[in-house]
Amino acid sequence: MSQDVSTDSFEARKHEWEQRRARYADKLRPGKTLSGLPVKTVYTKEDVTDSDLDEMPGVYPFTRGLYPDGYALTPWMQQMVFGYGTIEETRQKMEKMVEEGMEGYFGHKVFNTVYDIPCMYGIDADDPEAVGNLGQCGVHMSTGDDYDELIRGWDLESTNFSMITGDNCLPALALLAAAVERRGEPFSKMHGNSMNWYPRIAVQDVPSWEPKWGYALIIDLVKWAMENAPDWNPVNIFMYGISEAGATPVQELAYGLAWGKSIIDAGLAAGLAPDDFIGRLSFQIGCTVNVFEEVAKFRAHRRMWAKICKDAGATKPSNMLARVHVHTSGYVLTQQQLLNNTGRITLQTLAAVLGGVASIHTCSYDEAVGVPTEESHRTALRTQQILMWESGLREVADPLGGSYFVEQLTDDMEAAAWEIYDEIEAAGGYQRGIETGEIKRAIDNSSYELKKMVNSGELPVVGVNRYVTDEQENYEPFRIDESIEEKAKARLQDYRARRDETAVRAALENVRVACEALKEGTGSLMPALVDAARAGATNGEMMVPMRDAFGWFVSE
Amino acid sequence: MSKEHIKVLLAKKKIDVHGRGTKLLARELRDAGMEVVYFRFGVVDEIADAAVQEDVDVVGVSVMTSGQIQIARGLIPALKARGLDNVLVIMGGIIPEVDYEPLYELGIHRCFAPGLPGGAVAEYIRENVGTATLG
């Protein structure tokens, strides 16, 4: 019994706490989050509001999660990004991933397939500009053959094809639809996700369509999916691109939600009813190693999106759900002391799971060097599976709900993000932000400020500005043999030799006409693209009239 | 070897993504007193043409999604063909260390790992600009 326990009231304990720390309290350096929000050393019941404590998971505004019992009914979807070489190599990888236990909700198969940069940009294997990029950081899929092989044997009702496309988003969906039809199945069986993330132009420094046509194309795909493939998710809001470009977590929230709002606005302007399309929008969000800030971000994100959807006229709670796929941040991985990244990835995944997200891709520790090896990619998947099955993390929904700190941080991040969001909305919205370049400038500035903090050592990065060694690691990354280029070209030539050239030309002419009709507001493009895919047109060929019609815009 | 005014062309290869590293380096080199032309995305010939037009001392190429060997294979001859024998050529980004030697053999003068302070790149440029040749 070393000291008197005078009273058990909060006030008395707080007073005692103040006395105990008085000697050094003013020497403590004020803490802050990556977004610059102040962090105290201790949080108490004074920091939470009644409205925080009144929330339930699965109930509007969904701060505590989309589902009443969190991951208890079914765990998050393991959606590892993969794809390299031609479809032949990627097909083997798909089968391997299924063997490794990668699965979505209720055991469904999920294939989160990334295209190579030539496909995203919209050029075929025989284009000279494709040299050095074919099948390198994604799969090269441009022909009907490629898509037949993609879907071969998979049950369409229980398989999700998530297609990480670039500007080729519409042609890719058309090629998939034509393959489904060739298999004798209706479009309505299609499950999966188009990225449709044209608005990334504002942050990623990649040229793309003129903004107004970019949005027209987004909505064209949305409409086609509504009419033909109602279970298809037609739009992904690529917040990951925002944070990877250098945005703080608060900026990622604000700009990401403004991006989402710009899609809602475009849909409403095109005459769509809120409950018909808003519920099909979904997100991909980044996740750094700052565990609590990220958890608060995911919680605030769900609450804010629910409010935005409700304000936009959605009436069913199921149409207000922020369905989130997390891609763990690649930027936080270091090339220095490569294996340290496994620790970072574990923390990132922990944050995503504590944040209650619907789906996760875990980066591989060697992605700071190149394309992951089979082993590092499997270890990344296993990291998720360890968290899923060994840690007990998935047993309780929103386990940090009610935490004084996390509730306060959730509220703080929400307030800070609304401030930026409201400014963008008042200035004309996200689309205008693309045109003026102001979103990009704000993010570039944050990226620069962060880098200065790393350079000065204010923001510690192990292996980069702390515990630095100058040993050469000489890590050998996964290599995709250059012979893949010849293989891709041969597949393309073989495909072209078997098709009716006249029918392809006619179908592509129809695409050209449909592009003009879309611009004039008198018709839609997707049906013409599906026809072209049926006739045998390739990804790159469909992109030619599209580029002619919709221009090429670099956001400043 | 020091030079008062140093002009740097920073380019990304055509059809790459994620411009964060390049843009950061552009600012950091400016902070170090250099003039930076940020070229964004180009094929090898476009990068070489821009280097001539801008009359730069240094060409920096950033790579995110592979292709570094093919770029070096094309870029060095393209620069030489335009008479730029004394330009310093550096690369950075997601490039495996084990590729550094093959890139040096192709004529690249130096590769930099991601995440380094831009000051390290500026220091290298100051020490080597004007002395490099493309052999």
# chains A, B, ... in the order shown; residues from 1 in each chain; ligands from 1

call {"tool": "interface_residues", "arguments": {"of": "chain A", "to": "chain B", "cutoff": "8 Å", "atoms": "only C-alpha atoms", "output": "number ranges by chain"}}
result
A: 117-118, 121, 129, 131-133, 136-137, 204-206, 244-246, 334-335, 368-370, 444, 447-448, 451, 454-455, 464, 472-477

call {"tool": "write_last_selection", "arguments": {"atoms": "N, CA, C and O atoms", "output": "compact mmCIF listing (two decimals), in the first residue's frame"}}
result
# COMPACT_ATOMS: atom_id res chain seq x y z
N ILE A 117 0.47 -1.81 -68.93
CA ILE A 117 0.28 -0.40 -69.24
C ILE A 117 -0.14 -0.19 -70.71
O ILE A 117 -0.99 0.66 -70.97
N PRO A 118 0.39 -0.96 -71.66
CA PRO A 118 -0.12 -0.78 -73.03
C PRO A 118 -1.64 -1.00 -73.14
O PRO A 118 -2.32 -0.23 -73.82
N TYR A 121 -3.44 1.97 -71.59
CA TYR A 121 -3.32 3.15 -72.44
C TYR A 121 -4.08 2.93 -73.74
O TYR A 121 -4.56 3.87 -74.35
N GLU A 129 5.24 1.59 -79.40
CA GLU A 129 5.31 2.21 -78.08
C GLU A 129 5.10 1.21 -76.94
O GLU A 129 5.33 1.53 -75.78
N VAL A 131 6.78 -1.47 -76.57
CA VAL A 131 8.04 -2.17 -76.27
C VAL A 131 8.51 -1.90 -74.84
O VAL A 131 8.51 -0.76 -74.38
N GLY A 132 8.88 -2.97 -74.17
CA GLY A 132 9.38 -2.82 -72.80
C GLY A 132 8.28 -2.87 -71.76
O GLY A 132 8.56 -2.91 -70.57
N ASN A 133 7.05 -2.83 -72.19
CA ASN A 133 5.95 -2.79 -71.23
C ASN A 133 4.98 -3.96 -71.34
O ASN A 133 4.11 -4.11 -70.49
N GLN A 136 4.39 -6.68 -68.51
CA GLN A 136 5.38 -6.46 -67.46
C GLN A 136 4.75 -6.20 -66.09
O GLN A 136 5.01 -6.93 -65.15
N CYS A 137 3.96 -5.16 -66.00
CA CYS A 137 3.37 -4.86 -64.69
C CYS A 137 1.89 -5.17 -64.71
O CYS A 137 1.09 -4.52 -64.02
N GLN A 204 -2.92 11.60 -60.94
CA GLN A 204 -1.88 10.64 -61.29
C GLN A 204 -0.96 11.10 -62.40
O GLN A 204 -0.07 10.35 -62.80
N ASP A 205 -1.19 12.29 -62.94
CA ASP A 205 -0.27 12.78 -63.94
C ASP A 205 -0.29 11.98 -65.24
O ASP A 205 0.66 11.96 -65.98
N VAL A 206 -1.39 11.24 -65.43
CA VAL A 206 -1.51 10.43 -66.64
C VAL A 206 -2.47 11.15 -67.58
O VAL A 206 -3.55 11.54 -67.16
N GLU A 244 -1.57 7.79 -52.87
CA GLU A 244 -0.26 7.43 -53.40
C GLU A 244 0.41 8.62 -54.09
O GLU A 244 1.63 8.68 -54.20
N ALA A 245 -0.40 9.55 -54.58
CA ALA A 245 0.18 10.74 -55.19
C ALA A 245 0.72 11.70 -54.14
O ALA A 245 1.41 12.66 -54.47
N GLY A 246 0.41 11.45 -52.87
CA GLY A 246 0.98 12.28 -51.82
C GLY A 246 -0.02 12.96 -50.91
O GLY A 246 0.36 13.72 -50.02
N THR A 334 9.96 0.43 -48.57
CA THR A 334 11.28 0.97 -48.90
C THR A 334 12.11 -0.06 -49.65
O THR A 334 11.99 -1.26 -49.39
N GLN A 335 12.94 0.44 -50.55
CA GLN A 335 13.86 -0.46 -51.23
C GLN A 335 15.01 -0.82 -50.29
O GLN A 335 15.63 -1.87 -50.43
N ALA A 368 8.95 -2.69 -53.82
CA ALA A 368 9.80 -1.51 -53.96
C ALA A 368 10.93 -1.77 -54.95
O ALA A 368 11.66 -0.85 -55.33
N VAL A 369 11.08 -3.01 -55.37
CA VAL A 369 12.12 -3.34 -56.34
C VAL A 369 11.53 -3.67 -57.70
O VAL A 369 12.10 -3.35 -58.74
N GLY A 370 10.39 -4.30 -57.70
CA GLY A 370 9.79 -4.66 -58.99
C GLY A 370 8.55 -5.50 -58.77
O GLY A 370 7.89 -5.43 -57.73
N ASP A 444 0.28 17.66 -54.54
CA ASP A 444 1.73 17.77 -54.77
C ASP A 444 2.40 18.51 -53.60
O ASP A 444 3.50 18.17 -53.18
N SER A 447 2.69 16.17 -50.70
CA SER A 447 3.74 15.18 -50.98
C SER A 447 5.11 15.78 -50.70
O SER A 447 5.98 15.14 -50.09
N TYR A 448 5.27 17.02 -51.09
CA TYR A 448 6.55 17.72 -50.89
C TYR A 448 6.81 17.98 -49.41
O TYR A 448 7.93 17.77 -48.91
N LYS A 451 7.87 14.78 -47.83
CA LYS A 451 9.23 14.40 -48.21
C LYS A 451 10.24 15.23 -47.45
O LYS A 451 11.28 14.72 -47.02
N VAL A 454 10.67 13.74 -44.16
CA VAL A 454 11.49 12.53 -44.21
C VAL A 454 12.96 12.91 -44.37
O VAL A 454 13.84 12.40 -43.66
N ASN A 455 13.21 13.84 -45.27
CA ASN A 455 14.61 14.26 -45.50
C ASN A 455 15.25 14.81 -44.22
O ASN A 455 16.43 14.56 -43.96
N VAL A 464 15.74 4.29 -44.04
CA VAL A 464 15.90 5.42 -44.97
C VAL A 464 16.54 6.61 -44.25
O VAL A 464 17.52 7.18 -44.72
N GLN A 472 24.68 -3.50 -50.03
CA GLN A 472 23.94 -3.79 -51.25
C GLN A 472 23.13 -5.06 -51.00
O GLN A 472 23.68 -6.05 -50.55
N GLU A 473 21.88 -5.03 -51.31
CA GLU A 473 21.09 -6.25 -51.08
C GLU A 473 21.03 -7.13 -52.32
O GLU A 473 20.84 -8.33 -52.23
N ASN A 474 21.14 -6.48 -53.47
CA ASN A 474 21.12 -7.22 -54.74
C ASN A 474 19.98 -8.21 -54.84
O ASN A 474 20.15 -9.35 -55.26
N TYR A 475 18.81 -7.76 -54.43
CA TYR A 475 17.62 -8.61 -54.48
C TYR A 475 17.21 -8.86 -55.94
O TYR A 475 17.14 -7.93 -56.74
N GLU A 476 16.96 -10.08 -56.23
CA GLU A 476 16.55 -10.44 -57.60
C GLU A 476 15.02 -10.51 -57.66
O GLU A 476 14.42 -11.43 -57.11
N PRO A 477 14.38 -9.55 -58.29
CA PRO A 477 12.91 -9.58 -58.34
C PRO A 477 12.42 -10.56 -59.40
O PRO A 477 13.21 -11.14 -60.13

call {"tool": "residues_around", "arguments": {"residues": "Gly214 of chain A", "least_positions_apart": "5", "cutoff": "8 Å", "atoms": "only C-alpha atoms", "output": "compact mmCIF listing (two decimals) with N, CA, C and O atoms, in the first residue's frame"}}
result
# COMPACT_ATOMS: atom_id res chain seq x y z
N TYR A 198 -11.63 7.24 -64.47
CA TYR A 198 -11.14 8.39 -65.24
C TYR A 198 -10.67 9.54 -64.35
O TYR A 198 -9.63 10.15 -64.61
N PRO A 199 -11.41 9.86 -63.27
CA PRO A 199 -11.03 11.05 -62.49
C PRO A 199 -9.64 10.97 -61.86
O PRO A 199 -9.17 11.93 -61.28
N SER A 208 -5.38 11.62 -70.24
CA SER A 208 -6.58 10.84 -70.56
C SER A 208 -7.57 11.73 -71.30
O SER A 208 -7.19 12.77 -71.82
N TRP A 209 -8.83 11.33 -71.31
CA TRP A 209 -9.84 12.06 -72.08
C TRP A 209 -10.02 13.49 -71.56
O TRP A 209 -9.72 13.79 -70.42
N PHE A 550 -12.59 11.66 -78.18
CA PHE A 550 -12.67 12.23 -76.83
C PHE A 550 -11.43 13.00 -76.42
O PHE A 550 -11.31 13.46 -75.28

call {"tool": "residues_around", "arguments": {"residues": "segment 376-389 of chain A", "least_positions_apart": "2", "cutoff": "6 Å", "atoms": "only C-alpha atoms", "output": "list in words"}}
result
Thr362, Ser364, Pro372, Thr373, Glu374 and Ser391 of chain A

call {"tool": "write_last_selection", "arguments": {"atoms": "all heavy atoms", "output": "mmCIF file, in the first residue's frame"}}
result
data_model
loop_
_atom_site.group_PDB
_atom_site.id
_atom_site.type_symbol
_atom_site.label_atom_id
_atom_site.label_comp_id
_atom_site.auth_asym_id
_atom_site.auth_seq_id
_atom_site.Cartn_x
_atom_site.Cartn_y
_atom_site.Cartn_z
ATOM 1 N N THR A 362 -2.938 -7.013 -50.135
ATOM 2 C CA THR A 362 -1.706 -6.721 -49.407
ATOM 3 C C THR A 362 -0.558 -6.667 -50.407
ATOM 4 O O THR A 362 -0.368 -7.610 -51.186
ATOM 5 C CB THR A 362 -1.428 -7.841 -48.389
ATOM 6 O OG1 THR A 362 -1.976 -9.065 -48.888
ATOM 7 C CG2 THR A 362 -2.031 -7.533 -47.051
ATOM 8 N N SER A 364 3.289 -6.894 -51.688
ATOM 9 C CA SER A 364 4.390 -7.800 -51.367
ATOM 10 C C SER A 364 5.597 -6.961 -50.961
ATOM 11 O O SER A 364 5.766 -5.834 -51.431
ATOM 12 C CB SER A 364 4.728 -8.650 -52.578
ATOM 13 O OG SER A 364 3.577 -9.352 -53.010
ATOM 14 N N PRO A 372 6.431 -8.616 -57.779
ATOM 15 C CA PRO A 372 6.723 -9.597 -56.724
ATOM 16 C C PRO A 372 7.008 -11.006 -57.237
ATOM 17 O O PRO A 372 6.509 -11.408 -58.285
ATOM 18 C CB PRO A 372 5.455 -9.583 -55.861
ATOM 19 C CG PRO A 372 4.417 -8.886 -56.644
ATOM 20 C CD PRO A 372 5.092 -8.032 -57.653
ATOM 21 N N THR A 373 7.785 -11.732 -56.461
ATOM 22 C CA THR A 373 8.039 -13.138 -56.784
ATOM 23 C C THR A 373 6.850 -13.965 -56.322
ATOM 24 O O THR A 373 5.990 -13.485 -55.576
ATOM 25 C CB THR A 373 9.285 -13.654 -56.040
ATOM 26 O OG1 THR A 373 9.018 -13.601 -54.634
ATOM 27 C CG2 THR A 373 10.516 -12.816 -56.358
ATOM 28 N N GLU A 374 6.831 -15.222 -56.735
ATOM 29 C CA GLU A 374 5.769 -16.126 -56.278
ATOM 30 C C GLU A 374 5.757 -16.181 -54.751
ATOM 31 O O GLU A 374 4.716 -16.163 -54.108
ATOM 32 C CB GLU A 374 6.008 -17.544 -56.839
ATOM 33 C CG GLU A 374 5.674 -17.690 -58.305
ATOM 34 C CD GLU A 374 4.188 -17.544 -58.608
ATOM 35 O OE1 GLU A 374 3.367 -17.934 -57.756
ATOM 36 O OE2 GLU A 374 3.852 -17.003 -59.675
ATOM 37 N N SER A 391 -5.454 -14.418 -35.498
ATOM 38 C CA SER A 391 -5.316 -13.280 -34.588
ATOM 39 C C SER A 391 -6.540 -12.991 -33.739
ATOM 40 O O SER A 391 -6.466 -12.206 -32.797
ATOM 41 C CB SER A 391 -5.007 -12.029 -35.414
ATOM 42 O OG SER A 391 -6.163 -11.685 -36.155
#

call {"tool": "closest_residue", "arguments": {"among": "A:Phe277, A:Gly122, A:Gly457, A:Arg183", "to": "Glu227 of chain A", "atoms": "only C-alpha atoms"}}
result
A:Phe277

call {"tool": "select_by_dssp", "arguments": {"residues": "segment 44-110 of chain B", "states": "alpha helix (DSSP H)", "output": "ChimeraX atom specification"}}
result
/B:44-54,68-81,100-106

call {"tool": "residues_around", "arguments": {"residues": "Gly313 of chain A", "least_positions_apart": "2", "cutoff": "9 Å", "atoms": "only C-alpha atoms", "output": "ChimeraX atom specification"}}
result
/A:273-275,308-311,315

call {"tool": "write_last_selection", "arguments": {"atoms": "N, CA, C and O atoms", "output": "short mmCIF file (atom, residue, chain, number, x, y, z; two decimals), in the first residue's frame"}}
result
data_model
loop_
_atom_site.label_atom_id
_atom_site.label_comp_id
_atom_site.auth_asym_id
_atom_site.auth_seq_id
_atom_site.Cartn_x
_atom_site.Cartn_y
_atom_site.Cartn_z
N ALA A 273 -31.91 7.64 -61.54
CA ALA A 273 -32.52 7.80 -60.22
C ALA A 273 -31.51 7.36 -59.16
O ALA A 273 -30.81 6.35 -59.34
N PRO A 274 -31.42 8.12 -58.05
CA PRO A 274 -30.39 7.84 -57.04
C PRO A 274 -30.33 6.37 -56.62
O PRO A 274 -29.26 5.77 -56.58
N ASP A 275 -31.48 5.78 -56.33
CA ASP A 275 -31.46 4.41 -55.83
C ASP A 275 -31.10 3.39 -56.92
O ASP A 275 -30.88 2.23 -56.63
N ILE A 308 -23.48 11.60 -47.75
CA ILE A 308 -23.49 12.14 -49.11
C ILE A 308 -24.56 11.43 -49.95
O ILE A 308 -25.32 12.07 -50.69
N CYS A 309 -24.63 10.11 -49.82
CA CYS A 309 -25.61 9.34 -50.60
C CYS A 309 -27.05 9.72 -50.20
O CYS A 309 -27.92 9.87 -51.04
N LYS A 310 -27.22 9.86 -48.90
CA LYS A 310 -28.55 10.21 -48.42
C LYS A 310 -28.95 11.60 -48.94
O LYS A 310 -30.06 11.78 -49.43
N ASP A 311 -28.03 12.54 -48.82
CA ASP A 311 -28.31 13.90 -49.31
C ASP A 311 -28.59 13.90 -50.81
O ASP A 311 -29.30 14.76 -51.32
N THR A 315 -32.49 6.40 -50.86
CA THR A 315 -33.40 6.19 -49.74
C THR A 315 -33.16 4.86 -49.03
O THR A 315 -33.41 4.74 -47.84
#

call {"tool": "residues_around", "arguments": {"residues": "segment 90-107 of chain A", "least_positions_apart": "5", "cutoff": "8 Å", "atoms": "only C-alpha atoms", "output": "MDAnalysis selection string"}}
result
chainID A and resid 74:80 82:85 139 149:150 359 378 381

call {"tool": "write_last_selection", "arguments": {"atoms": "all heavy atoms", "output": "CSV table (one decimal), in the first residue's frame"}}
result
chain,number,residue,atom,x,y,z
A,74,THR,N,-19.0,-13.5,-42.6
A,74,THR,CA,-18.0,-13.9,-43.6
A,74,THR,C,-16.8,-12.9,-43.5
A,74,THR,O,-17.1,-11.7,-43.4
A,74,THR,CB,-18.6,-13.9,-45.0
A,74,THR,OG1,-17.7,-14.5,-45.9
A,74,THR,CG2,-19.1,-12.6,-45.5
A,75,PRO,N,-15.6,-13.4,-43.6
A,75,PRO,CA,-14.5,-12.5,-43.5
A,75,PRO,C,-14.3,-11.5,-44.7
A,75,PRO,O,-15.1,-11.7,-45.7
A,75,PRO,CB,-13.2,-13.4,-43.4
A,75,PRO,CG,-13.7,-14.8,-43.6
A,75,PRO,CD,-15.2,-14.8,-43.8
A,76,TRP,N,-13.4,-10.6,-44.6
A,76,TRP,CA,-13.2,-9.7,-45.8
A,76,TRP,C,-12.7,-10.5,-47.0
A,76,TRP,O,-12.3,-11.7,-46.9
A,76,TRP,CB,-12.1,-8.7,-45.4
A,76,TRP,CG,-10.7,-9.2,-45.1
A,76,TRP,CD1,-9.7,-9.4,-46.0
A,76,TRP,CD2,-10.2,-9.6,-43.9
A,76,TRP,NE1,-8.6,-9.9,-45.4
A,76,TRP,CE2,-8.9,-10.0,-44.1
A,76,TRP,CE3,-10.7,-9.6,-42.6
A,76,TRP,CZ2,-8.1,-10.5,-43.1
A,76,TRP,CZ3,-9.9,-10.1,-41.5
A,76,TRP,CH2,-8.6,-10.5,-41.8
A,77,MET,N,-12.9,-9.9,-48.2
A,77,MET,CA,-12.5,-10.5,-49.4
A,77,MET,C,-10.9,-10.4,-49.5
A,77,MET,O,-10.4,-9.3,-49.4
A,77,MET,CB,-13.1,-9.9,-50.6
A,77,MET,CG,-14.6,-10.1,-50.6
A,77,MET,SD,-15.3,-9.3,-52.1
A,77,MET,CE,-16.0,-7.8,-51.4
A,78,GLN,N,-10.3,-11.5,-49.8
A,78,GLN,CA,-8.9,-11.4,-50.1
A,78,GLN,C,-8.7,-11.2,-51.6
A,78,GLN,O,-8.9,-12.1,-52.4
A,78,GLN,CB,-8.2,-12.7,-49.8
A,78,GLN,CG,-8.5,-13.3,-48.4
A,78,GLN,CD,-8.1,-14.8,-48.3
A,78,GLN,OE1,-7.1,-15.2,-48.7
A,78,GLN,NE2,-9.1,-15.5,-47.8
A,79,GLN,N,-8.4,-10.0,-52.0
A,79,GLN,CA,-8.3,-9.6,-53.4
A,79,GLN,C,-6.9,-9.2,-53.8
A,79,GLN,O,-6.7,-8.0,-53.9
A,79,GLN,CB,-9.4,-8.5,-53.7
A,79,GLN,CG,-10.8,-9.0,-53.7
A,79,GLN,CD,-11.7,-8.3,-54.7
A,79,GLN,OE1,-11.6,-8.5,-55.9
A,79,GLN,NE2,-12.5,-7.4,-54.2
A,80,MET,N,-6.1,-10.1,-53.9
A,80,MET,CA,-4.7,-9.8,-54.3
A,80,MET,C,-4.7,-9.4,-55.8
A,80,MET,O,-5.3,-10.0,-56.6
A,80,MET,CB,-3.8,-11.1,-54.2
A,80,MET,CG,-3.7,-11.6,-52.7
A,80,MET,SD,-2.8,-10.4,-51.7
A,80,MET,CE,-1.1,-10.6,-52.3
A,82,PHE,N,-3.1,-9.2,-59.2
A,82,PHE,CA,-2.1,-10.0,-60.0
A,82,PHE,C,-2.3,-9.8,-61.5
A,82,PHE,O,-3.3,-9.3,-61.9
A,82,PHE,CB,-2.1,-11.5,-59.5
A,82,PHE,CG,-3.4,-12.2,-59.9
A,82,PHE,CD1,-3.5,-12.9,-61.1
A,82,PHE,CD2,-4.5,-12.1,-59.1
A,82,PHE,CE1,-4.7,-13.5,-61.4
A,82,PHE,CE2,-5.7,-12.7,-59.4
A,82,PHE,CZ,-5.8,-13.4,-60.6
A,83,GLY,N,-1.4,-10.4,-62.2
A,83,GLY,CA,-1.5,-10.3,-63.7
A,83,GLY,C,-0.1,-10.0,-64.3
A,83,GLY,O,0.5,-9.0,-63.9
A,84,TYR,N,0.3,-10.9,-65.1
A,84,TYR,CA,1.6,-10.6,-65.9
A,84,TYR,C,1.6,-11.5,-67.1
A,84,TYR,O,0.9,-12.5,-67.2
A,84,TYR,CB,2.8,-10.9,-65.0
A,84,TYR,CG,3.1,-12.3,-64.7
A,84,TYR,CD1,3.9,-13.1,-65.5
A,84,TYR,CD2,2.5,-12.9,-63.6
A,84,TYR,CE1,4.1,-14.4,-65.2
A,84,TYR,CE2,2.7,-14.2,-63.3
A,84,TYR,CZ,3.5,-15.0,-64.1
A,84,TYR,OH,3.7,-16.3,-63.8
A,85,GLY,N,2.5,-11.1,-68.0
A,85,GLY,CA,2.6,-11.9,-69.3
A,85,GLY,C,1.4,-11.8,-70.1
A,85,GLY,O,0.6,-10.8,-70.1
A,139,VAL,N,-1.2,-8.0,-67.0
A,139,VAL,CA,-1.4,-8.9,-68.0
A,139,VAL,C,-1.8,-8.2,-69.3
A,139,VAL,O,-2.5,-7.2,-69.3
A,139,VAL,CB,-2.5,-10.0,-67.7
A,139,VAL,CG1,-3.8,-9.3,-67.3
A,139,VAL,CG2,-2.8,-11.0,-68.8
A,149,GLU,N,-10.2,-17.1,-72.4
A,149,GLU,CA,-9.3,-17.8,-71.5
A,149,GLU,C,-9.5,-17.3,-70.1
A,149,GLU,O,-9.4,-18.1,-69.2
A,149,GLU,CB,-7.9,-17.7,-72.1
A,149,GLU,CG,-6.8,-18.5,-71.3
A,149,GLU,CD,-7.0,-20.0,-71.3
A,149,GLU,OE1,-7.9,-20.5,-72.0
A,149,GLU,OE2,-6.3,-20.7,-70.6
A,150,LEU,N,-9.7,-16.0,-70.0
A,150,LEU,CA,-9.9,-15.4,-68.6
A,150,LEU,C,-11.0,-16.1,-67.9
A,150,LEU,O,-10.9,-16.4,-66.7
A,150,LEU,CB,-10.1,-13.9,-68.8
A,150,LEU,CG,-10.5,-13.2,-67.5
A,150,LEU,CD1,-9.2,-13.0,-66.6
A,150,LEU,CD2,-11.1,-11.8,-67.8
A,359,SER,N,-12.6,-5.5,-48.3
A,359,SER,CA,-11.7,-6.3,-49.2
A,359,SER,C,-10.3,-5.8,-49.0
A,359,SER,O,-10.2,-4.6,-48.8
A,359,SER,CB,-12.3,-6.1,-50.6
A,359,SER,OG,-11.3,-6.5,-51.5
A,378,ARG,N,2.9,-14.8,-52.3
A,378,ARG,CA,2.1,-15.7,-51.4
A,378,ARG,C,2.2,-15.3,-49.9
A,378,ARG,O,1.3,-15.3,-49.2
A,378,ARG,CB,2.7,-17.1,-51.5
A,378,ARG,CG,1.8,-18.1,-50.8
A,378,ARG,CD,2.3,-19.5,-50.9
A,378,ARG,NE,3.6,-19.7,-50.2
A,378,ARG,CZ,4.2,-20.9,-50.1
A,378,ARG,NH1,3.7,-21.9,-50.7
A,378,ARG,NH2,5.4,-20.9,-49.5
A,381,LEU,N,-0.3,-12.7,-49.3
A,381,LEU,CA,-1.6,-13.3,-49.1
A,381,LEU,C,-1.7,-13.9,-47.7
A,381,LEU,O,-2.7,-13.8,-47.0
A,381,LEU,CB,-1.9,-14.3,-50.2
A,381,LEU,CG,-3.2,-15.1,-50.0
A,381,LEU,CD1,-4.4,-14.2,-50.2
A,381,LEU,CD2,-3.2,-16.3,-51.0

call {"tool": "closest_residue", "arguments": {"among": "B:Gly33, B:Glu46, B:Val59, B:Leu103", "to": "Glu4 of chain B", "atoms": "only C-alpha atoms"}}
result
B:Gly33

call {"tool": "select_by_dssp", "arguments": {"residues": "segment 3-119 of chain B", "states": "strand (DSSP E or B)", "output": "ChimeraX atom specification"}}
result
/B:7-13,35-42,58-63,88-93,110-112

call {"tool": "residues_around", "arguments": {"residues": "Ile218 of chain A", "least_positions_apart": "5", "cutoff": "9 Å", "atoms": "only C-alpha atoms", "output": "VMD selection string"}}
result
chain A and resid 169 to 170 196 to 198 213 223 234 to 235 263 266 to 267

call {"tool": "atom_distance", "arguments": {"atom1": "atom CA of Met91 of chain B", "atom2": "atom CA of Ile443 of chain A"}}
result
24.3 Å

call {"tool": "closest_residue", "arguments": {"among": "B:Leu9, B:Ile90, B:Val121, B:Leu79", "to": "Gly135 of chain B", "atoms": "only C-alpha atoms"}}
result
B:Leu79

call {"tool": "residues_around", "arguments": {"residues": "Lys212 of chain A", "least_positions_apart": "4", "cutoff": "9 Å", "atoms": "only C-alpha atoms", "output": "number ranges by chain"}}
result
A: 216-217, 431, 550

call {"tool": "write_last_selection", "arguments": {"atoms": "N, CA and C atoms", "output": "mmCIF file, in the first residue's frame"}}
result
data_model
loop_
_atom_site.group_PDB
_atom_site.id
_atom_site.type_symbol
_atom_site.label_atom_id
_atom_site.label_comp_id
_atom_site.auth_asym_id
_atom_site.auth_seq_id
_atom_site.Cartn_x
_atom_site.Cartn_y
_atom_site.Cartn_z
ATOM 1 N N ALA A 216 -18.693 11.542 -69.359
ATOM 2 C CA ALA A 216 -19.740 10.951 -70.213
ATOM 3 C C ALA A 216 -19.487 9.453 -70.386
ATOM 4 N N LEU A 217 -18.216 9.079 -70.492
ATOM 5 C CA LEU A 217 -17.879 7.662 -70.665
ATOM 6 C C LEU A 217 -18.162 6.872 -69.387
ATOM 7 N N GLN A 431 -14.828 17.649 -60.707
ATOM 8 C CA GLN A 431 -14.521 17.740 -62.140
ATOM 9 C C GLN A 431 -13.836 19.070 -62.469
ATOM 10 N N PHE A 550 -12.593 11.661 -78.183
ATOM 11 C CA PHE A 550 -12.670 12.232 -76.827
ATOM 12 C C PHE A 550 -11.425 13.004 -76.417
#

call {"tool": "closest_residue", "arguments": {"among": "A:Glu293, A:Asp69, A:Asp548, A:Asp265", "to": "Met56 of chain A", "atoms": "only C-alpha atoms"}}
result
A:Asp69

call {"tool": "atom_distance", "arguments": {"atom1": "atom CA of Tyr331 of chain A", "atom2": "atom CA of Asn445 of chain A"}}
result
16.2 Å

call {"tool": "atom_distance", "arguments": {"atom1": "atom CA of Val504 of chain A", "atom2": "atom CA of Leu175 of chain A"}}
result
13.5 Å
